[in-house]
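A.B. asks: Data file protein-v7.txt (compact mmCIF, C-alpha atoms and all ligand atoms) is appended below.
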# COMPACT_ATOMS: atom_id res chain seq x y z
CA MET X 1 148.75 181.19 45.00
CA SER X 2 145.38 182.82 45.18
CA ILE X 3 143.32 183.08 48.30
CA GLU X 4 139.58 182.57 48.43
CA PRO X 5 138.19 185.72 50.04
CA THR X 6 135.76 183.61 52.02
CA ALA X 7 138.64 181.61 53.51
CA ILE X 8 140.17 184.72 55.01
CA ALA X 9 139.55 184.96 58.73
CA SER X 10 138.78 188.45 59.86
CA ILE X 11 141.43 189.90 62.12
CA GLU X 12 140.99 192.74 64.53
CA CYS X 13 143.08 195.84 65.15
CA ALA X 14 144.50 194.27 68.31
CA ASP X 15 145.64 191.21 66.34
CA LEU X 16 147.35 193.42 63.83
CA THR X 17 149.00 195.56 66.49
CA ARG X 18 150.51 192.45 68.07
CA GLY X 19 151.51 190.99 64.73
CA VAL X 20 152.94 194.05 63.01
CA ASP X 21 156.58 193.06 63.74
CA ALA X 22 156.15 189.62 62.29
CA TYR X 23 154.27 191.04 59.29
CA LEU X 24 157.06 193.51 58.53
CA ASP X 25 159.66 190.77 59.08
CA GLY X 26 158.00 188.88 56.24
CA GLU X 27 157.23 185.96 58.51
CA PHE X 28 153.61 185.53 57.47
CA ASP X 29 152.63 182.91 54.96
CA ALA X 30 150.38 183.75 52.02
CA ARG X 31 147.16 183.15 53.90
CA GLU X 32 148.23 185.18 56.94
CA ARG X 33 149.37 188.02 54.70
CA ALA X 34 146.02 187.96 52.94
CA GLU X 35 144.30 188.26 56.34
CA VAL X 36 146.38 191.29 57.19
CA ASP X 37 146.06 192.89 53.77
CA ALA X 38 142.30 192.51 53.87
CA HIS X 39 142.24 194.28 57.22
CA LEU X 40 144.60 197.03 56.06
CA ALA X 41 142.40 197.69 53.05
CA ARG X 42 139.55 198.76 55.32
CA CYS X 43 141.39 200.15 58.37
CA PRO X 44 143.25 203.46 57.98
CA ALA X 45 144.49 203.32 61.60
CA CYS X 46 146.31 200.05 61.04
CA ARG X 47 147.64 201.27 57.69
CA THR X 48 149.19 204.20 59.52
CA LEU X 49 150.65 201.85 62.13
CA VAL X 50 152.25 199.62 59.51
CA GLU X 51 153.66 202.62 57.62
CA THR X 52 155.06 204.14 60.81
CA GLN X 53 156.63 200.89 61.94
CA GLY X 54 158.10 200.44 58.48
CA ARG X 55 159.74 203.85 58.71
CA VAL X 56 161.08 203.14 62.21
CA ARG X 57 162.65 199.95 60.93
CA ALA X 58 164.26 201.69 57.99
CA ALA X 59 165.74 204.24 60.41
CA LEU X 60 166.91 201.43 62.69
CA ARG X 61 168.68 199.69 59.86
CA ALA X 62 170.31 202.97 58.84
CA SER X 63 171.49 203.47 62.44
CA LEU X 64 173.02 200.01 62.57
CA ARG X 65 174.82 200.57 59.30
CA GLU X 66 176.03 203.91 60.59
CA ALA X 67 177.28 202.27 63.81
CA MET X 68 179.34 199.99 61.62
CA SER X 69 180.91 202.70 59.53
CA PRO X 70 184.69 203.15 59.97
CA PRO X 71 185.51 204.21 63.53
CA ALA X 72 186.06 207.90 62.93
CA THR X 73 184.75 208.67 66.42
CA ALA X 74 185.35 206.97 69.74
CA GLY X 75 182.82 204.50 71.08
CA ARG X 76 182.03 202.72 67.84
CA ALA X 77 181.32 199.02 67.88
CA PRO X 78 184.52 197.03 68.39
CA ALA X 79 185.90 195.10 65.44
CA ALA X 80 184.66 191.69 66.58
CA LEU X 81 181.16 193.03 67.15
CA ARG X 82 181.23 194.77 63.80
CA ALA X 83 182.17 191.52 62.14
CA ARG X 84 179.20 189.83 63.76
CA ILE X 85 176.83 192.58 62.67
CA GLU X 86 178.20 192.38 59.16
CA ALA X 87 177.70 188.64 59.13
CA SER X 88 174.15 189.14 60.36
CA ILE X 89 173.33 191.72 57.72
CA ALA X 90 174.80 189.45 55.07
CA ARG X 91 172.31 186.82 56.09
CA GLU X 92 169.56 188.23 53.93
CA ARG X 93 166.61 186.36 55.37
CA ARG X 94 165.33 187.29 58.83
CA PRO X 95 168.57 188.33 60.51
CA VAL X 96 168.40 187.51 64.17
CA TRP X 97 169.86 190.82 65.31
CA ARG X 98 167.04 192.76 63.69
CA ARG X 99 164.45 190.74 65.51
CA LEU X 100 166.21 191.22 68.83
CA VAL X 101 166.90 194.88 68.37
CA SER X 102 163.67 195.94 66.72
CA PRO X 103 161.48 196.16 69.86
CA LEU X 104 163.84 198.77 71.30
CA PRO X 105 163.01 202.42 70.94
CA LEU X 106 165.21 204.01 68.33
CA GLY X 107 166.83 206.37 70.82
CA ALA X 108 168.07 203.48 72.92
CA LEU X 109 169.77 201.84 69.98
CA ALA X 110 173.21 203.43 70.31
CA ALA X 111 173.44 202.52 73.99
CA CYS X 112 171.96 199.06 73.67
CA ALA X 113 173.11 197.74 70.31
CA ALA X 114 176.14 195.96 71.75
CA GLY X 115 174.21 194.44 74.64
CA ALA X 116 171.33 193.29 72.48
CA LEU X 117 173.68 191.66 70.03
CA LEU X 118 175.56 189.86 72.78
CA VAL X 119 172.36 187.95 73.50
CA VAL X 120 172.79 186.23 70.16
CA THR X 121 176.26 185.00 70.95
CA THR X 122 175.38 183.48 74.32
CA HIS X 123 173.00 181.06 72.64
CA GLY X 124 174.60 177.70 73.33
CA GLY X 125 171.80 175.15 73.01
CA ASP X 126 169.34 174.77 70.22
CA ASP X 127 166.63 177.28 70.99
CA ALA X 128 165.19 177.28 67.49
CA MET X 129 161.93 175.73 68.69
CA VAL X 130 161.64 178.19 71.55
CA VAL X 131 162.34 181.14 69.31
CA ASP X 132 159.71 179.82 66.92
CA ALA X 133 157.23 179.57 69.79
CA VAL X 134 157.92 183.13 70.91
CA ARG X 135 157.65 184.44 67.36
CA SER X 136 154.39 182.65 66.81
CA HIS X 137 152.88 183.71 70.15
CA HIS X 138 154.03 187.31 69.64
CA ARG X 139 152.43 187.36 66.20
CA GLY X 140 149.09 186.92 67.94
CA LEU X 141 147.21 185.36 65.04
CA PRO X 142 143.44 184.99 65.42
CA LEU X 143 142.29 181.97 67.37
CA GLU X 144 140.35 179.32 65.47
CA VAL X 145 138.17 178.24 68.36
CA MET X 146 137.10 180.45 71.26
CA ALA X 147 136.58 179.14 74.76
CA ALA X 148 133.79 181.69 75.15
CA SER X 149 131.75 179.90 72.50
CA VAL X 150 132.58 176.19 73.02
CA GLY X 151 133.61 176.16 76.68
CA GLU X 152 137.11 175.65 78.07
CA ALA X 153 136.59 171.93 78.57
CA SER X 154 135.90 171.39 74.84
CA ILE X 155 139.17 172.90 73.65
CA PRO X 156 141.19 169.62 73.72
CA ALA X 157 138.42 167.87 71.77
CA TRP X 158 138.59 170.57 69.09
CA PHE X 159 142.07 169.29 68.16
CA ALA X 160 140.80 165.74 67.60
CA GLY X 161 141.45 164.69 64.01
CA LYS X 162 143.56 167.80 63.39
CA LEU X 163 146.73 166.43 65.03
CA ASP X 164 148.31 162.97 65.25
CA PHE X 165 148.31 163.16 69.04
CA HIS X 166 145.84 164.21 71.71
CA PRO X 167 146.98 167.40 73.38
CA SER X 168 146.11 167.59 77.03
CA PRO X 169 146.63 171.14 78.27
CA PRO X 170 147.68 171.36 81.91
CA PRO X 171 144.86 172.81 84.03
CA PHE X 172 146.46 176.12 84.93
CA HIS X 173 144.27 178.04 87.28
CA GLY X 174 144.26 181.05 89.54
CA ASP X 175 142.54 184.39 89.82
CA GLY X 176 142.15 185.88 86.39
CA VAL X 177 143.63 182.82 84.61
CA HIS X 178 141.43 181.31 81.93
CA VAL X 179 141.58 179.82 78.45
CA LEU X 180 140.81 182.26 75.64
CA GLY X 181 140.92 179.80 72.79
CA ALA X 182 143.14 177.77 70.51
CA ARG X 183 144.47 177.31 67.02
CA LEU X 184 146.66 174.92 65.09
CA SER X 185 150.25 175.97 64.91
CA ASN X 186 153.67 174.47 64.42
CA LEU X 187 157.14 174.68 65.91
CA ARG X 188 159.53 174.20 63.02
CA GLU X 189 158.43 170.95 61.42
CA LEU X 190 156.37 169.75 64.39
CA PRO X 191 152.60 170.35 64.26
CA ALA X 192 151.49 172.03 67.47
CA ALA X 193 148.39 172.68 69.50
CA TYR X 194 148.39 176.33 70.57
CA ILE X 195 146.25 177.47 73.47
CA ARG X 196 146.08 181.10 74.55
CA TYR X 197 145.37 182.02 78.17
CA ALA X 198 144.26 185.27 79.72
CA LEU X 199 146.28 186.15 82.80
CA PRO X 200 145.57 188.85 85.37
CA HIS X 201 148.04 190.99 83.43
CA GLY X 202 148.51 190.03 79.80
CA GLN X 203 148.37 186.66 78.13
CA ALA X 204 150.32 183.42 77.84
CA GLY X 205 150.55 180.92 75.01
CA LEU X 206 151.03 177.19 75.38
CA PHE X 207 152.41 175.06 72.55
CA ILE X 208 152.05 171.29 72.75
CA VAL X 209 154.00 169.12 70.30
CA ASP X 210 154.56 165.41 69.90
CA ASP X 211 158.33 164.88 69.75
CA PRO X 212 159.18 161.18 69.95
CA ARG X 213 162.55 161.74 68.27
CA ARG X 214 163.54 164.32 70.86
CA THR X 215 164.43 166.99 68.37
CA PHE X 216 163.23 169.61 70.86
CA ALA X 217 166.19 170.20 73.18
CA PRO X 218 166.33 173.80 74.28
CA GLY X 219 169.22 175.45 76.09
CA GLY X 220 168.44 177.91 78.84
CA ARG X 221 168.48 177.14 82.54
CA GLU X 222 167.24 174.01 84.20
CA VAL X 223 164.85 174.70 87.07
CA GLN X 224 163.10 172.21 89.31
CA VAL X 225 159.46 173.18 89.95
CA GLY X 226 157.67 170.65 92.10
CA PRO X 227 158.18 167.24 90.50
CA GLN X 228 158.99 168.73 87.11
CA VAL X 229 162.24 169.87 85.57
CA LEU X 230 161.68 172.93 83.41
CA ARG X 231 163.98 174.55 80.92
CA VAL X 232 163.65 178.30 81.12
CA VAL X 233 164.65 180.37 78.14
CA ASN X 234 164.30 184.10 77.72
CA ALA X 235 163.73 185.17 74.14
CA ARG X 236 162.57 188.48 72.74
CA GLY X 237 161.42 189.68 76.14
CA TYR X 238 159.34 186.57 76.86
CA ASN X 239 160.09 183.95 79.48
CA VAL X 240 159.46 180.47 78.14
CA ALA X 241 159.14 177.36 80.30
CA VAL X 242 159.65 174.09 78.44
CA TRP X 243 159.02 170.67 79.89
CA ARG X 244 158.60 167.17 78.58
CA GLU X 245 156.20 164.42 79.54
CA ASN X 246 157.34 161.32 77.62
CA GLU X 247 156.91 162.16 73.93
CA ILE X 248 155.00 165.37 74.52
CA VAL X 249 156.75 168.73 74.93
CA TYR X 250 155.02 171.75 76.46
CA SER X 251 156.26 175.29 75.87
CA LEU X 252 154.62 178.04 77.88
CA VAL X 253 155.40 181.50 76.51
CA SER X 254 154.62 184.46 78.72
CA ASP X 255 155.73 187.89 79.74
CA LEU X 256 155.48 186.86 83.38
CA ASP X 257 158.61 187.09 85.46
CA GLU X 258 160.18 183.74 86.29
CA ALA X 259 158.67 183.43 89.75
CA ALA X 260 155.14 184.03 88.45
CA LEU X 261 155.74 181.67 85.54
CA PHE X 262 156.83 178.87 87.89
CA GLU X 263 153.82 179.54 90.08
CA LEU X 264 151.52 179.18 87.07
CA VAL X 265 153.12 175.83 86.17
CA ARG X 266 152.73 174.76 89.79
CA THR X 267 148.98 175.45 89.78
CA ALA X 268 148.55 172.78 87.12
CA GLN X 269 150.64 170.22 89.02
CA ALA X 270 148.54 170.64 92.14
CA SER X 271 145.35 169.60 90.40
CA ARG X 272 146.68 166.68 88.34
ZN ZN X 301 142.73 197.99 62.30
Can I see the file as structure tokens?
Ligand SMILES: [Zn+2]

C.D. replies:
Amino acid sequence: MSIEPTAIASIECADLTRGVDAYLDGEFDARERAEVDAHLARCPACRTLVETQGRVRAALRASLREAMSPPATAGRAPAALRARIEASIARERRPVWRRLVSPLPLGALAACAAGALLVVTTHGGDDAMVVDAVRSHHRGLPLEVMAASVGEASIPAWFAGKLDFHPSPPPFHGDGVHVLGARLSNLRELPAAYIRYALPHGQAGLFIVDDPRRTFAPGGREVQVGPQVLRVVNARGYNVAVWRENEIVYSLVSDLDEAALFELVRTAQASR
């Protein structure tokens, strides 16, 4: 498929820095890849970043394979763990272990490989949607509408005609909390409204989907916050709060700790 150059949104170095993992994981579709490639063609700094990250990953993979070699020395991965790693590596496309392990510094790999992999096995519920939300937020793709240009209050209206439902973002507020902008997204097969917020430290991303068939049923812990019951899932270093209002499911992805995440959810309840 060919991409019209004019259709390619321009991405910034910061976008690329946030999205480099997803890019190297091959998670971008043709249009997103074209956006990145166009940027790389004119930005030597980002080219260097991508090359460096690519080398780190190759080394990481080599280390994992080495950890799985026959146990000539003490302290190798136990047989059951090795079997799981082997099964993961056999799964050609987007092995989960790589995604979980890749943010770790290479030096920490030997110490942490077992622990990081155990995270995979404790997954009981179906967190596919949550993992998708984290992946998409982490990728940090450019926003399609900026609150700075249309005003925060116009963001919900921007989605009109683009989705089969009317997303109504909760009015989170607080010092340093404001809407940056939005874009269309999806969680698995469900079209999603995605709204990015600036927080006093870092950012958060809110996904809103219409899920009348209740396919979105994450695991994690159940936590009561005010009148709402949240599901809290930790994935790839992000805390995600998921809650449902009738057919609509909200997923708030952030690197806040749980207490701060609950507090943010609470600020929206207070003003509803
Ligand atoms: Zn750049």

A.B. asks: Show me which residues sit within 10 Å of ligand ZN 301 (chain X) when counting only C-alpha atoms and all ligand atoms, and put them as an MDAnalysis selection string.

C.D. replies: chainID X and resid 11:17 36 39:49

A.B. asks: With C-alpha atoms retained, export the selected residues as a PDB file, keeping the file's coordinate frame.

C.D. replies:
ATOM      1  CA  ILE X  11     141.430 189.900  62.120  1.00  0.00           C
ATOM      2  CA  GLU X  12     140.990 192.740  64.530  1.00  0.00           C
ATOM      3  CA  CYS X  13     143.080 195.840  65.150  1.00  0.00           C
ATOM      4  CA  ALA X  14     144.500 194.270  68.310  1.00  0.00           C
ATOM      5  CA  ASP X  15     145.640 191.210  66.340  1.00  0.00           C
ATOM      6  CA  LEU X  16     147.350 193.420  63.830  1.00  0.00           C
ATOM      7  CA  THR X  17     149.000 195.560  66.490  1.00  0.00           C
ATOM      8  CA  VAL X  36     146.380 191.290  57.190  1.00  0.00           C
ATOM      9  CA  HIS X  39     142.240 194.280  57.220  1.00  0.00           C
ATOM     10  CA  LEU X  40     144.600 197.030  56.060  1.00  0.00           C
ATOM     11  CA  ALA X  41     142.400 197.690  53.050  1.00  0.00           C
ATOM     12  CA  ARG X  42     139.550 198.760  55.320  1.00  0.00           C
ATOM     13  CA  CYS X  43     141.390 200.150  58.370  1.00  0.00           C
ATOM     14  CA  PRO X  44     143.250 203.460  57.980  1.00  0.00           C
ATOM     15  CA  ALA X  45     144.490 203.320  61.600  1.00  0.00           C
ATOM     16  CA  CYS X  46     146.310 200.050  61.040  1.00  0.00           C
ATOM     17  CA  ARG X  47     147.640 201.270  57.690  1.00  0.00           C
ATOM     18  CA  THR X  48     149.190 204.200  59.520  1.00  0.00           C
ATOM     19  CA  LEU X  49     150.650 201.850  62.130  1.00  0.00           C
TER      20      LEU X  49
END

A.B. asks: Just the number, please: distance in Å from CA of His166 in chain X to CA of Val179 in chain X, one decimal.

C.D. replies: 17.5 Å

A.B. asks: Leaving out range 195-201 of chain X and any residue of its chain fewer than 2 positions from it, which residues lie within 12 Å of it when counting only C-alpha atoms, given as a ChimeraX atom specification?

C.D. replies: /X:133,136-138,140-148,152,155-156,158-159,167-185,192-193,203-209,250-257,260-261,264

A.B. asks: Just how far from CA of Ala22 in chain X is CA of Ala62 in chain X, in Å to one decimal?

C.D. replies: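 That distance, rounded to one decimal, is 19.8 Å.
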
A.B. asks: Would you mind reading off the distance between CA of Glu222 in chain X and CA of Leu190 in chain X, one decimal, in Å?

C.D. replies: 23.0 Å

A.B. asks: Which one is closest to Thr52 in chain X: X:Ala259, X:Val242, X:Leu24, X:Ala34? Count all atoms listed in the file.

C.D. replies: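 So, comparing all the options, the nearest one is X:Leu24.
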
A.B. asks: May I have the residues within 10 Å of Val130 in chain X as number ranges by chain, using all atoms listed in the file and disregarding those fewer than 3 positions away in the same chain?

C.D. replies: X: 126-127, 133-136, 187-188, 207, 216-220, 232-235, 239-242, 251-253

A.B. asks: Hey, which of X:Asp210, X:Asp132, X:Gly151, X:Gly237 ends up closest to Leu163 in chain X? Count only C-alpha atoms.

C.D. replies: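 When distances to Leu163 in chain X are compared using only C-alpha atoms, the smallest one comes from X:Asp210.
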
A.B. asks: Using only C-alpha atoms, which of X:Ser149, X:Val50, X:Ala128, X:Glu245 sits nearest Arg18 in chain X?

C.D. replies: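 Closest to Arg18 in chain X of all the choices is X:Val50.
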
A.B. asks: Identify which of the residues X:Ser154, X:Gly161, X:Asn186, X:Arg139 lies closest to Asp25 in chain X, counting all atoms listed in the file when measuring atom-to-atom distances.

C.D. replies: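 Nearest to Asp25 in chain X: X:Arg139.
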
A.B. asks: Using all atoms listed in the file, find the one residue out of X:Arg244, X:Arg55, X:Arg213, X:Arg266 that sits nearest to Gly226 in chain X.

C.D. replies: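 Looking only at the distances to Gly226 in chain X, the closest residue turns out to be X:Arg266.
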